[in-house]
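Input: a single structure, listed below in structure tokens.
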Number of protein chains: 2
Amino acid sequence: MTTYAAPLKDMQFVLNDVLQISKYSNLPGFADASEDVVEAILEEGAKMAANVLHPINQSGDKEGCTRHDDASVTTPKGFKEAYQVYKEGGWQGLSFDPEYGGQGLPYLLAVAVSEMVSAANMAFGMYPGLARGAADAIYAHGTDEQKQKYLPNMIAGEWGGTMNLTEPHCGTDLGLLRTKAVPQGDGAYKISGTKIFISAGEHDLTDNIIHLVIARIEGAPDGVKGISLFIVPKFHVNDDGSLGERNTVSCGSIEEKMGIHANSTCVMNFDDATGYLLGEENKGLKAMFTMMNEARLGVGMQGMAISEVAYQNSAAYAKDRLQGRALVGGPAEPDKPADPIIVHPDVRRMLMDHRAFTEGARAWMYWSALHADLQHKAEDEATRQKAEDYMGLMTPILKAYLTDKGYAHATNAQQVLGGHGYIQEWGMEQFVRDARIAMIYEGANGIQALDLVGRKLMKDGGRAWQSFFSEVDEFISDNQGNEELKQFLDGLSSAKKDVEEATQWMAANAMQNFNNAGAGSVDYLNMWALLCLAHGWAQMAKAAIEKKAAGDSDAFYANKLITGRYFIERLLPDTVSHLAKLKTGADAMMALPAEAF
Amino acid sequence: MTTYAAPLKDMQFVLNDVLQISKYSNLPGFADASEDVVEAILEEGAKMAANVLHPINQSGDKEGCTRHDDASVTTPKGFKEAYQVYKEGGWQGLSFDPEYGGQGLPYLLAVAVSEMVSAANMAFGMYPGLARGAADAIYAHGTDEQKQKYLPNMIAGEWGGTMNLTEPHCGTDLGLLRTKAVPQGDGAYKISGTKIFISAGEHDLTDNIIHLVIARIEGAPDGVKGISLFIVPKFHVNDDGSLGERNTVSCGSIEEKMGIHANSTCVMNFDDATGYLLGEENKGLKAMFTMMNEARLGVGMQGMAISEVAYQNSAAYAKDRLQGRALVGGPAEPDKPADPIIVHPDVRRMLMDHRAFTEGARAWMYWSALHADLQHKAEDEATRQKAEDYMGLMTPILKAYLTDKGYAHATNAQQVLGGHGYIQEWGMEQFVRDARIAMIYEGANGIQALDLVGRKLMKDGGRAWQSFFSEVDEFISDNQGNEELKQFLDGLSSAKKDVEEATQWMAANAMQNFNNAGAGSVDYLNMWALLCLAHGWAQMAKAAIEKKAAGDSDAFYANKLITGRYFIERLLPDTVSHLAKLKTGADAMMALPAEAF
């Protein structure tokens, strides 16, 4: 009963007017991404999302995946056909290196398409999403032979891919892993162990699945220093590219979960399965992070995407459902027995909270995706370095904040429907159940916050955040005197001041007791996220003001400024309470003895 | 796989040391509630909760209720037997008037027991909970004959009860209702219509179910002025008390919901069912609110109760699960391959947030329940009036805040388990799904906020909040100089100042544009809730300090002070950002035209 229409106008506004991607035509692939091409691609993506992927979202949730006695897994009705459409549309290779069959378009564009796919059907999107992550890791760390062997089929969508990290006793702490790799002398290894929570671990969408698996080579050091990464294909691949024998990796069972039922989350058993080292021995974690960092952005996107589709359905309900009368100004619909509930301030609050978050998050996410392009494609080293710095800083913030708030806003959207929101048929509760996993997988959100304060904050002497602060300062000073922009500049400036103060507090207090950093990490991450959203909103406001000044009378721009004002007034003030909490440190938090819990 | 042990020590601390219920022995029923009796009752309740109700919580969720072709409904395996234990224990009549077979003990005690029942098995607790609400409405508004006819069996737990309000097109706006009542001349009415979302609407736990149904008598005025309340028994009751024929009310279907699967949420069809007017014609809404107000407290309790059981299970996991090492002070468990995750600040943060909320909420909820006793039982009119004022003010705040935060903390507890939290077998995701409904039913939380600012705030010239403010001031001034209490008094004072400022802003800005009140209503409600929690914590801190001063060396009291300090430092600062948001008013919130959504 739910619907989804990709917010093309909002997407194009960010791409063309805010980020002005036409300015980057010197980068590989960007010249091909003219405004027309972008429009055509997004429109095609929107059609697939609305007509192919979203119609099987609720039915997929209800049916789930089925594991058969031979350990094969079938996806829900319609998924194979939908995947066929996805594959034939060439979506999987949109931004991949043409050398392996990709189209080489900007990663930014692939991110915009992934927004549509995740919003329309998050469980579906995970199949190609995981395959893309695995392909990226092979692309970054594989030998030429490995790349030639696996990438063309993965990029064409013929083969799937997975990430096998978690074991029953070890998730966050990968140093505890027990899966074993025994060298066979011929360059191959025998892999034995059990992995759990493996998304898209086994399915019927592709002819082969390329599992990437971390394991410890016999005799390797304990802990994370002894972790290596392996390619373990479901079917062996012959030298001529044809599929050979079945490898001894199989799905032991499908986890019964809260949501994303249409994705097969598998227990995977490796019984002396043949694997091939990817990258260097004992450097598996580094290679894994290539996959993880991109996956983290993808998961952040899932949070934002679910927020968008949940918003659309709650807004439609709020305009349709008649209950009560407007508090002010008389009945909005005097001919009807009651007014649509969108007249009520608290319903508006939920919808506006939602918009202020989602639209701001889109600007921030796309801005980040552009930096991922710059990181790999910019001509000068300084630009590449700065973009890499930003991606390191932003990745944990995007992952954690967008998934926390995606879930919170899916919950809000459900609330707009009242009792109907709790009924499965209406589809809103699925958004909540699906969104919930994004806060957990690819590193639970608390781990993202720890990554921020423990690794990213002081990396290279804090170069990343110093650079971002300068950019914010520059934006503020460049736009002084723009009266329409004043509220945005003030908000941005005040948020930056709070983040600066928090950063100084962290620097001053974490050295003496690193628990102070851990204790404030989530508040700190949230402050950063609010600053980044304020930055995104200020940029959107500037673009909207310019459009208006240029005579464009489309209400879209005026509405954008109203929603931005709402963001500044109603969401941004949280930096103040986060700062107050952060500055209380770890004392009370850590004081109770463990046995008191 | 989940467990639940009622937090008896915390409960008794609030009852005996904080509220000092022995001081109220002049009230009917309180003299019977000596410390020993209370202890014995709570211990028995705890046994039932742990051994009878909780073991069927997960299985009940999985199995759900089944509607058969004859429209009968069976509850999940074990529910009938568990209900038998509940009934035979006399729990249903604990605080009910002895004239109808109740035990006449304090309502406060029944609330403490309801905490255990809701925590152990929320879906189960709804069956007797709804019956209790219906009995209260009959007790308050029924004729002597009606009371004699229905109450003894309802109080004995022999018969169930329900509330039938919502119809497909009308939930919040009951004025739109279409269910019709046609007088038959003999005092009876024929009721026709369809009701939806009827909790415990049909089941196999009791021999009869007494439905309370709102309907419009033929020819009655439109809107809420024409609503009457009717008693519609599932089986007619003969004059000798025996059961007669089946009435024409039946379950049309069971709703498929996000959670509380073990409670039968029914579509109820009334096909010329025979009903009897309860209270006066066209005054049904008033009578309904007797039931609603108590039900709202019960729902608030569900939020807090789920938070408690979710906490217990996440804390147990955090002490057991080994991942990573403590950031500070070396390994906590050097002999193990890793430390339990409770050493990590962010895991602590989630657990401490949880405790600071749940323990504070318990003090506040029990304090409120004591006022419900005072409202009905105090000897002097002034005390009764003040208690009634408080209950009017507190009911929407308790309902909304405790359910919002109950859900948020169930989500946090799930997060502590990482990936396992998302797997059904571990039971944490059920707490989230179950807790979710409490934010919606008995008046969605936005409606509670509107009730607060629209009805409760300025009722009797603001007498209720003025009285509460005076009590807070008195507490602060009475305890000046108590150095151990200083942080609590400062926090209380600062929260009160913020709520005062918000109240003044509301008073000044709502008259000119009532949308300003609606726009700030949820922030305002949250500020009030934080003030009430601060009040609860200050009282607990005072009691704990006195215990320590009297030489009690139990770590319980020192730990209580630490958790209270954490509340002041980490939860209370939110009043500041709520105030900032509230003061921005309705402008940006209401500015977009409806078609822009």
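Scheme for the structure tokens: letters A, B, ... for chains in order shown; per-chain residue numbers from 1; ligand numbers from 1 in order shown.
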| task | Determine, counting only C-alpha atoms, which protein, DNA and RNA residues have an atom within 8 Å of an atom of region 287-301 of chain B; residues of the same chain fewer than 4 positions away are not included. Present the result as a ChimeraX atom specification. | result | /B:111,114-115,118,129-130,133-134,136-137,140-141,229,278-279,283,305,365,395-396,398-403,438,442
Would you pick out the contacts of Asn482 (chain A) at 10 Å or less, using only C-alpha atoms, so that residues sharing its chain but fewer than 5 positions from it are not included, and give the list as a PDB file with N, CA and C atoms, in the first residue's frame?
```
ATOM      1  N   ILE A 476      31.151  31.590   5.396  1.00  0.00           N
ATOM      2  CA  ILE A 476      30.473  32.627   6.187  1.00  0.00           C
ATOM      3  C   ILE A 476      30.978  34.008   5.779  1.00  0.00           C
ATOM      4  N   GLN A 487      20.249  34.177   8.717  1.00  0.00           N
ATOM      5  CA  GLN A 487      19.884  33.179   9.725  1.00  0.00           C
ATOM      6  C   GLN A 487      20.696  31.888   9.550  1.00  0.00           C
ATOM      7  N   LEU A 489      23.764  31.691   8.167  1.00  0.00           N
ATOM      8  CA  LEU A 489      25.153  31.948   8.540  1.00  0.00           C
ATOM      9  C   LEU A 489      25.299  31.994  10.057  1.00  0.00           C
ATOM     10  N   LYS A 542      21.706  29.316  -0.095  1.00  0.00           N
ATOM     11  CA  LYS A 542      22.402  30.231  -1.012  1.00  0.00           C
ATOM     12  C   LYS A 542      21.957  29.961  -2.461  1.00  0.00           C
ATOM     13  N   ILE A 545      18.369  31.154  -2.954  1.00  0.00           N
ATOM     14  CA  ILE A 545      18.295  32.621  -3.017  1.00  0.00           C
ATOM     15  C   ILE A 545      18.753  33.109  -4.394  1.00  0.00           C
TER      16      ILE A 545
END
```
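Distances to Gly171 (chain A) were evaluated for A:Ala519, A:Ile198, A:Met391, A:Ala378 using only C-alpha atoms, and the minimum falls at A:Ile198.
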| message | Please list as a ChimeraX atom specification every residue within 12 Å of region 505-518 of chain A, counting only C-alpha atoms and excluding residues in the same chain fewer than 6 positions away. | response | /A:446-455,457-458,461-462,498-499,524-525,579-591 /B:326-330,343-349
| task | Pull the helix (DSSP H, G or I) assignments for region 24-243 of chain B out of DSSP run on the backbone, and list those residues as an MDAnalysis selection string. | result | chainID B and resid 24 35:63 79:88 91:93 98:100 107:120 122:141 144:155 174:176 223:226
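A straight line drawn from CA of Asn445 (chain A) to CA of Asp404 (chain A) is 7.9 Å long.
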| message | I want to know what sits within 10 Å of Pro7 (chain B), based on only C-alpha atoms, with residues of the same chain fewer than 5 positions away left out; could you give that as JSON, numbers by chain? | response | {"B": [12, 42, 46, 115, 116, 308, 309, 312, 359]}
Using all heavy atoms, can you write the selected residues to a file as a PDB file, in the first residue's frame?
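Generated file (selection-v4.pdb):
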```pdb
ATOM      1  N   GLN B  12      10.661  -1.096  46.489  1.00  0.00           N
ATOM      2  CA  GLN B  12      10.454  -0.878  47.920  1.00  0.00           C
ATOM      3  C   GLN B  12      11.111   0.409  48.399  1.00  0.00           C
ATOM      4  O   GLN B  12      10.591   1.096  49.277  1.00  0.00           O
ATOM      5  CB  GLN B  12      10.981  -2.090  48.705  1.00  0.00           C
ATOM      6  CG  GLN B  12      10.012  -3.260  48.593  1.00  0.00           C
ATOM      7  CD  GLN B  12      10.633  -4.597  48.953  1.00  0.00           C
ATOM      8  OE1 GLN B  12      11.828  -4.701  49.199  1.00  0.00           O
ATOM      9  NE2 GLN B  12       9.805  -5.630  48.965  1.00  0.00           N
ATOM     10  N   LEU B  42       4.530  -7.853  46.800  1.00  0.00           N
ATOM     11  CA  LEU B  42       5.462  -7.630  45.687  1.00  0.00           C
ATOM     12  C   LEU B  42       6.249  -8.900  45.380  1.00  0.00           C
ATOM     13  O   LEU B  42       6.495  -9.216  44.208  1.00  0.00           O
ATOM     14  CB  LEU B  42       6.409  -6.468  45.992  1.00  0.00           C
ATOM     15  CG  LEU B  42       5.754  -5.076  46.074  1.00  0.00           C
ATOM     16  CD1 LEU B  42       6.815  -4.008  46.342  1.00  0.00           C
ATOM     17  CD2 LEU B  42       4.973  -4.728  44.808  1.00  0.00           C
ATOM     18  N   ALA B  46       6.251 -10.763  41.902  1.00  0.00           N
ATOM     19  CA  ALA B  46       7.513 -10.976  41.190  1.00  0.00           C
ATOM     20  C   ALA B  46       7.655 -12.425  40.752  1.00  0.00           C
ATOM     21  O   ALA B  46       8.139 -12.720  39.657  1.00  0.00           O
ATOM     22  CB  ALA B  46       8.688 -10.563  42.082  1.00  0.00           C
ATOM     23  N   GLU B 115       3.410  -2.821  36.974  1.00  0.00           N
ATOM     24  CA  GLU B 115       4.745  -2.677  36.374  1.00  0.00           C
ATOM     25  C   GLU B 115       5.335  -4.056  36.071  1.00  0.00           C
ATOM     26  O   GLU B 115       5.871  -4.297  34.982  1.00  0.00           O
ATOM     27  CB  GLU B 115       5.695  -1.906  37.297  1.00  0.00           C
ATOM     28  CG  GLU B 115       7.107  -1.832  36.702  1.00  0.00           C
ATOM     29  CD  GLU B 115       8.160  -1.202  37.596  1.00  0.00           C
ATOM     30  OE1 GLU B 115       7.808  -0.419  38.502  1.00  0.00           O
ATOM     31  OE2 GLU B 115       9.354  -1.509  37.372  1.00  0.00           O
ATOM     32  N   MET B 116       5.199  -4.951  37.049  1.00  0.00           N
ATOM     33  CA  MET B 116       5.773  -6.297  36.865  1.00  0.00           C
ATOM     34  C   MET B 116       5.077  -7.045  35.730  1.00  0.00           C
ATOM     35  O   MET B 116       5.721  -7.716  34.924  1.00  0.00           O
ATOM     36  CB  MET B 116       5.607  -7.126  38.133  1.00  0.00           C
ATOM     37  CG  MET B 116       6.209  -6.521  39.371  1.00  0.00           C
ATOM     38  SD  MET B 116       5.956  -7.675  40.749  1.00  0.00           S
ATOM     39  CE  MET B 116       6.339  -6.610  42.127  1.00  0.00           C
ATOM     40  N   GLU B 308      12.408  -1.245  31.566  1.00  0.00           N
ATOM     41  CA  GLU B 308      13.067  -1.996  32.650  1.00  0.00           C
ATOM     42  C   GLU B 308      13.500  -3.398  32.192  1.00  0.00           C
ATOM     43  O   GLU B 308      14.640  -3.798  32.385  1.00  0.00           O
ATOM     44  CB  GLU B 308      12.123  -2.106  33.856  1.00  0.00           C
ATOM     45  CG  GLU B 308      12.578  -3.071  34.954  1.00  0.00           C
ATOM     46  CD  GLU B 308      13.811  -2.613  35.722  1.00  0.00           C
ATOM     47  OE1 GLU B 308      13.955  -1.394  35.944  1.00  0.00           O
ATOM     48  OE2 GLU B 308      14.639  -3.478  36.104  1.00  0.00           O
ATOM     49  N   VAL B 309      12.593  -4.121  31.573  1.00  0.00           N
ATOM     50  CA  VAL B 309      12.948  -5.493  31.180  1.00  0.00           C
ATOM     51  C   VAL B 309      13.999  -5.479  30.070  1.00  0.00           C
ATOM     52  O   VAL B 309      14.920  -6.313  30.051  1.00  0.00           O
ATOM     53  CB  VAL B 309      11.691  -6.323  30.790  1.00  0.00           C
ATOM     54  CG1 VAL B 309      11.027  -5.801  29.531  1.00  0.00           C
ATOM     55  CG2 VAL B 309      12.050  -7.803  30.619  1.00  0.00           C
ATOM     56  N   GLN B 312      17.331  -4.849  31.758  1.00  0.00           N
ATOM     57  CA  GLN B 312      17.878  -6.022  32.461  1.00  0.00           C
ATOM     58  C   GLN B 312      18.592  -6.962  31.491  1.00  0.00           C
ATOM     59  O   GLN B 312      19.672  -7.492  31.790  1.00  0.00           O
ATOM     60  CB  GLN B 312      16.763  -6.782  33.175  1.00  0.00           C
ATOM     61  CG  GLN B 312      16.197  -6.033  34.371  1.00  0.00           C
ATOM     62  CD  GLN B 312      15.195  -6.870  35.166  1.00  0.00           C
ATOM     63  OE1 GLN B 312      15.116  -8.088  34.988  1.00  0.00           O
ATOM     64  NE2 GLN B 312      14.450  -6.218  36.045  1.00  0.00           N
ATOM     65  N   GLU B 359      14.669   4.489  36.541  1.00  0.00           N
ATOM     66  CA  GLU B 359      14.558   4.660  37.992  1.00  0.00           C
ATOM     67  C   GLU B 359      13.853   5.976  38.338  1.00  0.00           C
ATOM     68  O   GLU B 359      13.038   6.036  39.260  1.00  0.00           O
ATOM     69  CB  GLU B 359      15.944   4.589  38.636  1.00  0.00           C
ATOM     70  CG  GLU B 359      16.560   3.193  38.479  1.00  0.00           C
ATOM     71  CD  GLU B 359      18.002   3.099  38.993  1.00  0.00           C
ATOM     72  OE1 GLU B 359      18.405   3.913  39.847  1.00  0.00           O
ATOM     73  OE2 GLU B 359      18.726   2.196  38.530  1.00  0.00           O
TER      74      GLU B 359
END
```
| request: Please provide the set of residues having any atom within 12 Å of Ser368 (chain B), restricted to only C-alpha atoms, with same-chain residues fewer than 2 positions apart removed, written as a PyMOL selection string. | output: chain B and resi 14-15+19+107-109+111-112+294+297-298+300-301+361-366+370-375+386-399+532-533+535-536
| field | Neighbour list for Trp91 (chain B) as a list in words, cut-off 10 Å, only C-alpha atoms, skip fewer than 2 positions in-chain | value |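 In the requested form, the answer reads Ile41, Gly45, Val85, Tyr86, Lys87, Glu88, Gly89, Gly93, Leu94, Ser95, Phe96, Gly102, Gln103, Ala110, Val113, Ser114, Pro128, Ile155, Ala156 and Gly157 of chain B.
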